[in-house]
There are 2 protein chains.
Amino acid sequence: MPHSVWSAFVDRSLRVEGLDLLLDFSTMPIRPEDEARLAPEFERAFAEMKELEAGALANPDEGRRVGHYWLRAPERAPEEALRAAIVDALERVQAFGARVRSGGIGPQAGVAFERALFVGIGGSALGPQFVYQALATSDDPLSLSFLDNTDPCGIEKTLAQIGDGLARTLVVVTSKSGGTPETRNAFEEVRARLMTMGCDPSRHLVAVTGEGSPLETRARDEGWLATFPMWDWVGGRSSETSAVGLLPLALAGHDVEALLEGARLMDEATREASLAANPAARLALAWHVAAEGAGQRDMVVIPYRDRLSLLARYLQQLVMESLGKEKNLAGETVRQGLTVYGNKGSTDQHAYVQQLREGVDNYFLTLVASLEDPPEPPLEVEPGITSGDYLLGFLLGTRKALAADARRVMTITIPRVDARSIGGLIALYERSVGLYASLVGINAYHQPGVEAGKRAAASVLELQGALVEAMRKEDDALRADQWALKAGAPDMGPEAFWILEHLAANPRRGVRREGKILDPNARYRLGLS
Amino acid sequence: MPHSVWSAFVDRSLRVEGLDLLLDFSTMPIRPEDEARLAPEFERAFAEMKELEAGALANPDEGRRVGHYWLRAPERAPEEALRAAIVDALERVQAFGARVRSGGIGPQAGVAFERALFVGIGGSALGPQFVYQALATSDDPLSLSFLDNTDPCGIEKTLAQIGDGLARTLVVVTSKSGGTPETRNAFEEVRARLMTMGCDPSRHLVAVTGEGSPLETRARDEGWLATFPMWDWVGGRSSETSAVGLLPLALAGHDVEALLEGARLMDEATREASLAANPAARLALAWHVAAEGAGQRDMVVIPYRDRLSLLARYLQQLVMESLGKEKNLAGETVRQGLTVYGNKGSTDQHAYVQQLREGVDNYFLTLVASLEDPPEPPLEVEPGITSGDYLLGFLLGTRKALAADARRVMTITIPRVDARSIGGLIALYERSVGLYASLVGINAYHQPGVEAGKRAAASVLELQGALVEAMRKEDDALRADQWALKAGAPDMGPEAFWILEHLAANPRRGVRREGKILDPNARYRLGLS
């Protein structure tokens, strides 16, 4: 028994050479028959991955190639023009970052930027936020802020925090299409604020966008400081090693090359067509067994480092948007997915680990450990024991207790939280997601549900216009359902209610409520409230 | 059909008078037979709740009363002494907050505090973090920071951000027992930093702790600035309306009374023994039906406001730590629970809403809307349309599309993000959790799994001591499993491996690795690496 614990650990852990990263599956129940059953599926997955990397149209319904692996090894891109574009973009990102950091590019002659504000959502925000949270120091030449929503209260809060500093803030707008409404709206709010402050927006603005997008055209016409490319063969959720993720790193003075190197080393380790030796394949196998190939258990991710506290949210997008699909590639309804959540340890042990330990059997857990504490002489909180020993102790205690209770747990260990390890983790999960998608036969690279959500929202905004139009024509005070009827949307009474309540709650919007706030019996008419 | 959408909305939404808060269940599939089936269970739940509020030992295995409702209505506390203690603590919190804000209490005569650093974890952190995130403004007299972990890298990062400002920082240590290791460790790190800076810690420190705890004794002996009580009848995860949550509000200059008033109004609405009229009962009913009374679906919570982005994490603790239990009150193994996750909209629409729309049927969704945008004249991002209209449009579009696809969704609307509405939301969920626990027959007020986790961690720290002891006796370079054997823990080879790797990765810890980092074949001996 004692020996078997150690030999299970040795046999069922995988070390990624070069990255010095260890994956331990010894506390993850995977039976030989699971592995045997899935081996042929993995053969197919490896073959599909090879085609993808060679430039196949791996995103079939959008007719697109999937090239994020080329970003870390341009020589693998299928055409010389792509290779040159990747290298050129990287060089331009590095050079631009250096010039901004040195003050060579500033809002006015002789004035340097002190901050960069990134405007973007989804894949244009989560990667940069995760990596910046991991790597930021108080000595960074620029501090970074993010606007990732169309909430005017949130935009106001962030702009108030920046205050007059906006005059020394670089503003980076990231949107592949250039038409993402949240990004467009937040950008317009920032632009208006810059103009109110007497700043010339074109001296502050940078675009990261698709070639030929309306945003690129605008940036060129208005003479923005720079534009960087988002290619149609890089999905938003795997864009961290494109300009989307590298520009923030370059501006904050972090190690762009190390992130790329970490990803490249992991790509090499996970390119191998071997279920035994490929860490991403082992990870995908663990997911498949734990979630029964059908999202039957949630993936809980707990890194035991504050700096990694956005890892789970980053993976939430990467995994759920990739795998949460209605149809498989054959067009059959499969309703796939894999739910991800988590924050950080040991903090989460005082939140939901109670349920993981005792409650419903609906999850599998990934613990992430990092070895290095700060370089300063450590404080002993007890004789011979430091805060960092406690942190590791909580991780190992949780791992051991859950495993003893036949819960599903695995552990990834990195030497330190740095750009290289982060690059490795990102590439590991990108590859695992791609392999898992092959196993369950879905397209991991599109997001039809997001498009549908945009259309549904557009119909609500149309209703708002129609309601105001109807109210202009009639001086009555009517209930929301009655206005919806007059606006030609008889089945959208509830939506009309929220729209009219929202307008009435904001005095400058010109709608007056008669009756109580948030009361479905209230009536509305045009006029100042 | 059109009429039925509206009448379903009118019939199946519930407005909380006074709070002006609306709960809409019209897009949540709850059949009359579900309601009939659960009606007797709710009668029991109401009766148990009544006993709890009257002072019964509602946390039976810890032999404790559950009194967070008394905090909002001291006159309802079962004894005069409790009433007086609640009123006294509130007055002291308010008075202390006012004196700190005015500079009457400062680190030195004539110097005012500019910041407050809260050291606490779990219930001592999540409520304050959630509420501060919701209410903070750039004009607050003090800004707040939080240390909620035992990660020395995270502590170092926060202290570096504060920098020299630590000399003008009030430090609040919150721990009921005073012995929570994460809190103790972070506190010791902060205290050491204060001393390094030449500050007298006692002029900076405040304790929020149980009466008679070692922390209270220490605070008194060392002459800290103040201590405030944490009573054993207030659980950590329902302590937001005790000094734990009110002191941060008071220090930041926010409206303490309004938070209490909001909670009190919600308590009144949710005290009613009526499944038809009690909003918390309706909410618990919705959870029970959606999760089949057994955690079969996850509770996804998406507030469409940046300021509410910690709501889901707050609820994650409140719900999962309360409901995630192995045994029911009869001692039977039930493995209950209800998984919670979420962040904010419309941001999350670009992360995991793809899966909610198309993927696995493993969730029910709560949308949270807030009506008021900033008071300034809004920017029109399109003719007649603002950023805030888009935000609401995305919420309503998601609601409509999910409901049309027979997904489970409900909507809570508040007039604005303020202390009153936040108090109402907290009290709503506290009550729903309590009622739900009665329905499924569990103790919502203990957390035995957290204690077990602490013990497991303690055994790992003991192993560390034993390993170092064994290495002192023997000048060999051995593998981790061999050292574990010599340390008398033959089944803890993997734990020994991580402990030794951690020590070896930090040069000052006195353990040298021979071999590669994170390689199970590495050998270790004492000595500087």
# chains A, B, ... in the order shown; residues from 1 in each chain; ligands from 1
$ residues_around --residues "Leu170 in chain B" --least-positions-apart "3" --cutoff "12 Å" --atoms "only C-alpha atoms" --output "PyMOL selection string"
chain B and resi 96-97+100-101+103+105-108+111-119+142-146+162+165-167+173+190-191+194+199-207+224-226+247-248+251-252
$ select_by_dssp --residues "range 161-399 of chain B" --states "helix (DSSP H, G or I)" --output "number ranges by chain"
B: 161-168, 181-196, 201-203, 214-222, 236-238, 243-252, 256-271, 279-290, 306-308, 311-323, 347-350, 353-358, 387-399
$ residues_around --residues "range 425-429 of chain B" --least-positions-apart "3" --cutoff "9 Å" --atoms "only C-alpha atoms" --output "PyMOL selection string"
chain B and resi 69+238+240+262-267+269-270+279-280+283-284+315+318-319+414+420-422+432-434
$ closest_residue --among "A:Gln464, A:Asn506, A:Ser346, A:Thr411" --to "Ser26 in chain A" --atoms "only C-alpha atoms"
A:Thr411
$ select_by_dssp --residues "range 238-360 of chain B" --states "strand (DSSP E)" --output "NGL selection string"
:B and (298-303 or 340-341)
$ write_last_selection --atoms "N, CA, C and O atoms" --output "mmCIF file, in the first residue's frame"
data_model
loop_
_atom_site.group_PDB
_atom_site.id
_atom_site.type_symbol
_atom_site.label_atom_id
_atom_site.label_comp_id
_atom_site.auth_asym_id
_atom_site.auth_seq_id
_atom_site.Cartn_x
_atom_site.Cartn_y
_atom_site.Cartn_z
ATOM 1 N N ASP B 298 -26.651 23.434 -11.831
ATOM 2 C CA ASP B 298 -25.883 24.526 -11.225
ATOM 3 C C ASP B 298 -26.680 25.834 -11.263
ATOM 4 O O ASP B 298 -27.401 26.106 -12.225
ATOM 5 N N MET B 299 -26.480 26.640 -10.223
ATOM 6 C CA MET B 299 -27.075 27.965 -10.159
ATOM 7 C C MET B 299 -26.090 28.974 -10.767
ATOM 8 O O MET B 299 -25.056 29.261 -10.170
ATOM 9 N N VAL B 300 -26.430 29.464 -11.953
ATOM 10 C CA VAL B 300 -25.589 30.475 -12.593
ATOM 11 C C VAL B 300 -26.201 31.841 -12.289
ATOM 12 O O VAL B 300 -27.409 32.023 -12.449
ATOM 13 N N VAL B 301 -25.388 32.754 -11.816
ATOM 14 C CA VAL B 301 -25.875 34.072 -11.413
ATOM 15 C C VAL B 301 -25.138 35.128 -12.232
ATOM 16 O O VAL B 301 -23.908 35.237 -12.136
ATOM 17 N N ILE B 302 -25.875 35.877 -13.047
ATOM 18 C CA ILE B 302 -25.240 36.915 -13.874
ATOM 19 C C ILE B 302 -25.901 38.265 -13.624
ATOM 20 O O ILE B 302 -26.985 38.535 -14.136
ATOM 21 N N PRO B 303 -25.265 39.111 -12.821
ATOM 22 C CA PRO B 303 -25.758 40.477 -12.680
ATOM 23 C C PRO B 303 -25.246 41.333 -13.832
ATOM 24 O O PRO B 303 -24.067 41.252 -14.185
ATOM 25 N N VAL B 340 -22.757 27.050 -7.461
ATOM 26 C CA VAL B 340 -22.999 28.427 -7.900
ATOM 27 C C VAL B 340 -21.772 28.956 -8.636
ATOM 28 O O VAL B 340 -20.648 28.783 -8.171
ATOM 29 N N TYR B 341 -21.996 29.582 -9.777
ATOM 30 C CA TYR B 341 -20.919 30.353 -10.392
ATOM 31 C C TYR B 341 -21.510 31.490 -11.212
ATOM 32 O O TYR B 341 -22.722 31.538 -11.438
#
$ atom_distance --atom1 "CA of Glu216 in chain A" --atom2 "CA of Glu380 in chain B"
22.2 Å
$ closest_residue --among "B:Pro78, B:Gly245, B:Gly122, B:Pro128" --to "Gln94 in chain B" --atoms "only C-alpha atoms"
B:Gly245
$ closest_residue --among "B:Trp70, B:Phe228, B:Phe394, B:Tyr436" --to "chain A" --atoms "only C-alpha atoms"
B:Phe394
$ closest_residue --among "B:Tyr445, B:Tyr304, B:Phe364, B:Phe42" --to "Leu396 in chain B" --atoms "only C-alpha atoms"
B:Tyr304
$ residues_around --residues "range 489-501 of chain A" --least-positions-apart "2" --cutoff "8 Å" --atoms "only C-alpha atoms" --output "PyMOL selection string"
(chain A and resi 460+463-464+467+479-487+503-505+511+513+517-518+520+524) or (chain B and resi 1-3+5-6+9+371+389+392+396)
$ residues_around --residues "range 446-459 of chain A" --least-positions-apart "6" --cutoff "7 Å" --atoms "only C-alpha atoms" --output "list in words"
Asn59 and Glu321 of chain A; Gln349, His350, Gln354, Arg357, Glu358, Gly393, Phe394, Leu396, Gly397, Thr398 and Ala401 of chain B
$ residues_around --residues "Tyr314 in chain B" --least-positions-apart "4" --cutoff "9 Å" --atoms "only C-alpha atoms" --output "list in words"
Ala351 of chain A; Gly123, Leu126, Gly127, Gln129, Phe130, Arg237, Leu310, Leu318 and Val319 of chain B
$ write_last_selection --atoms "C-alpha atoms" --output "PDB file, in the first residue's frame"
ATOM      1  CA  ALA A 351     -16.144  29.149   0.349  1.00  0.00           C
TER       2      ALA A 351
ATOM      3  CA  GLY B 123     -17.134  34.905   5.468  1.00  0.00           C
ATOM      4  CA  LEU B 126     -16.404  37.771   0.729  1.00  0.00           C
ATOM      5  CA  GLY B 127     -19.199  39.963   2.103  1.00  0.00           C
ATOM      6  CA  GLN B 129     -15.361  42.508  -0.819  1.00  0.00           C
ATOM      7  CA  PHE B 130     -18.718  42.129  -2.579  1.00  0.00           C
ATOM      8  CA  ARG B 237     -21.150  33.479   5.707  1.00  0.00           C
ATOM      9  CA  LEU B 310     -18.650  39.683  -6.950  1.00  0.00           C
ATOM     10  CA  LEU B 318     -23.361  31.394   1.116  1.00  0.00           C
ATOM     11  CA  VAL B 319     -25.093  28.674  -0.891  1.00  0.00           C
TER      12      VAL B 319
END
$ closest_residue --among "A:Gly441, A:Pro141, A:Gly154, A:Pro214" --to "Glu48 in chain A" --atoms "only C-alpha atoms"
A:Gly441
$ closest_residue --among "A:Leu329, A:Ala403, A:Ile155, A:Leu365" --to "chain B" --atoms "only C-alpha atoms"
A:Ile155
$ residues_around --residues "Gly210 in chain A" --least-positions-apart "2" --cutoff "10 Å" --atoms "only C-alpha atoms" --output "PDB file with N, CA, C and O atoms, in the first residue's frame"
ATOM      1  N   THR A 174      -9.717  46.642 -28.861  1.00  0.00           N
ATOM      2  CA  THR A 174      -9.486  45.321 -29.439  1.00  0.00           C
ATOM      3  C   THR A 174     -10.821  44.703 -29.849  1.00  0.00           C
ATOM      4  O   THR A 174     -11.681  44.452 -29.010  1.00  0.00           O
ATOM      5  N   SER A 175     -10.989  44.486 -31.128  1.00  0.00           N
ATOM      6  CA  SER A 175     -12.223  43.888 -31.642  1.00  0.00           C
ATOM      7  C   SER A 175     -11.940  43.377 -33.035  1.00  0.00           C
ATOM      8  O   SER A 175     -11.558  44.154 -33.917  1.00  0.00           O
ATOM      9  N   LYS A 176     -12.126  42.076 -33.237  1.00  0.00           N
ATOM     10  CA  LYS A 176     -11.781  41.504 -34.534  1.00  0.00           C
ATOM     11  C   LYS A 176     -12.625  42.142 -35.635  1.00  0.00           C
ATOM     12  O   LYS A 176     -12.105  42.649 -36.610  1.00  0.00           O
ATOM     13  N   SER A 177     -13.932  42.151 -35.401  1.00  0.00           N
ATOM     14  CA  SER A 177     -14.829  42.705 -36.423  1.00  0.00           C
ATOM     15  C   SER A 177     -14.848  44.226 -36.365  1.00  0.00           C
ATOM     16  O   SER A 177     -15.184  44.885 -37.333  1.00  0.00           O
ATOM     17  N   GLY A 178     -14.489  44.763 -35.206  1.00  0.00           N
ATOM     18  CA  GLY A 178     -14.627  46.206 -35.028  1.00  0.00           C
ATOM     19  C   GLY A 178     -16.052  46.603 -34.736  1.00  0.00           C
ATOM     20  O   GLY A 178     -16.352  47.776 -34.520  1.00  0.00           O
ATOM     21  N   ALA A 207      -5.609  50.437 -32.335  1.00  0.00           N
ATOM     22  CA  ALA A 207      -6.595  49.409 -32.666  1.00  0.00           C
ATOM     23  C   ALA A 207      -5.914  48.059 -32.845  1.00  0.00           C
ATOM     24  O   ALA A 207      -4.846  47.977 -33.455  1.00  0.00           O
ATOM     25  N   VAL A 208      -6.532  47.023 -32.286  1.00  0.00           N
ATOM     26  CA  VAL A 208      -6.148  45.649 -32.603  1.00  0.00           C
ATOM     27  C   VAL A 208      -7.377  45.049 -33.258  1.00  0.00           C
ATOM     28  O   VAL A 208      -8.414  44.860 -32.595  1.00  0.00           O
ATOM     29  N   GLY A 212      -9.014  45.117 -42.737  1.00  0.00           N
ATOM     30  CA  GLY A 212     -10.158  45.527 -43.537  1.00  0.00           C
ATOM     31  C   GLY A 212     -11.423  45.777 -42.736  1.00  0.00           C
ATOM     32  O   GLY A 212     -12.471  46.070 -43.318  1.00  0.00           O
ATOM     33  N   SER A 213     -11.359  45.662 -41.423  1.00  0.00           N
ATOM     34  CA  SER A 213     -12.565  45.916 -40.619  1.00  0.00           C
ATOM     35  C   SER A 213     -12.861  47.410 -40.597  1.00  0.00           C
ATOM     36  O   SER A 213     -11.982  48.238 -40.839  1.00  0.00           O
ATOM     37  N   PRO A 214     -14.107  47.776 -40.268  1.00  0.00           N
ATOM     38  CA  PRO A 214     -14.442  49.207 -40.157  1.00  0.00           C
ATOM     39  C   PRO A 214     -13.562  49.909 -39.121  1.00  0.00           C
ATOM     40  O   PRO A 214     -13.214  51.071 -39.287  1.00  0.00           O
ATOM     41  N   LEU A 215     -13.189  49.165 -38.076  1.00  0.00           N
ATOM     42  CA  LEU A 215     -12.342  49.780 -37.043  1.00  0.00           C
ATOM     43  C   LEU A 215     -10.961  50.115 -37.613  1.00  0.00           C
ATOM     44  O   LEU A 215     -10.401  51.183 -37.327  1.00  0.00           O
ATOM     45  N   GLU A 216     -10.425  49.207 -38.434  1.00  0.00           N
ATOM     46  CA  GLU A 216      -9.117  49.484 -39.028  1.00  0.00           C
ATOM     47  C   GLU A 216      -9.182  50.693 -39.961  1.00  0.00           C
ATOM     48  O   GLU A 216      -8.297  51.557 -39.946  1.00  0.00           O
ATOM     49  N   THR A 227      -2.065  50.372 -35.521  1.00  0.00           N
ATOM     50  CA  THR A 227      -3.025  49.264 -35.581  1.00  0.00           C
ATOM     51  C   THR A 227      -2.229  47.971 -35.653  1.00  0.00           C
ATOM     52  O   THR A 227      -1.152  47.919 -36.242  1.00  0.00           O
ATOM     53  N   PHE A 228      -2.807  46.938 -35.026  1.00  0.00           N
ATOM     54  CA  PHE A 228      -2.195  45.605 -35.036  1.00  0.00           C
ATOM     55  C   PHE A 228      -3.240  44.604 -35.497  1.00  0.00           C
ATOM     56  O   PHE A 228      -4.428  44.789 -35.245  1.00  0.00           O
ATOM     57  N   PRO A 229      -2.790  43.525 -36.143  1.00  0.00           N
ATOM     58  CA  PRO A 229      -3.758  42.627 -36.789  1.00  0.00           C
ATOM     59  C   PRO A 229      -4.375  41.567 -35.850  1.00  0.00           C
ATOM     60  O   PRO A 229      -3.719  41.058 -34.942  1.00  0.00           O
ATOM     61  N   MET A 230      -5.649  41.281 -36.077  1.00  0.00           N
ATOM     62  CA  MET A 230      -6.311  40.060 -35.571  1.00  0.00           C
ATOM     63  C   MET A 230      -6.718  39.283 -36.807  1.00  0.00           C
ATOM     64  O   MET A 230      -7.537  39.748 -37.588  1.00  0.00           O
ATOM     65  N   TRP A 231      -6.143  38.103 -36.953  1.00  0.00           N
ATOM     66  CA  TRP A 231      -6.405  37.330 -38.158  1.00  0.00           C
ATOM     67  C   TRP A 231      -7.641  36.459 -37.995  1.00  0.00           C
ATOM     68  O   TRP A 231      -7.966  36.023 -36.877  1.00  0.00           O
ATOM     69  N   ASP A 232      -8.299  36.164 -39.110  1.00  0.00           N
ATOM     70  CA  ASP A 232      -9.522  35.351 -39.011  1.00  0.00           C
ATOM     71  C   ASP A 232      -9.195  33.897 -38.666  1.00  0.00           C
ATOM     72  O   ASP A 232     -10.080  33.139 -38.307  1.00  0.00           O
TER      73      ASP A 232
END
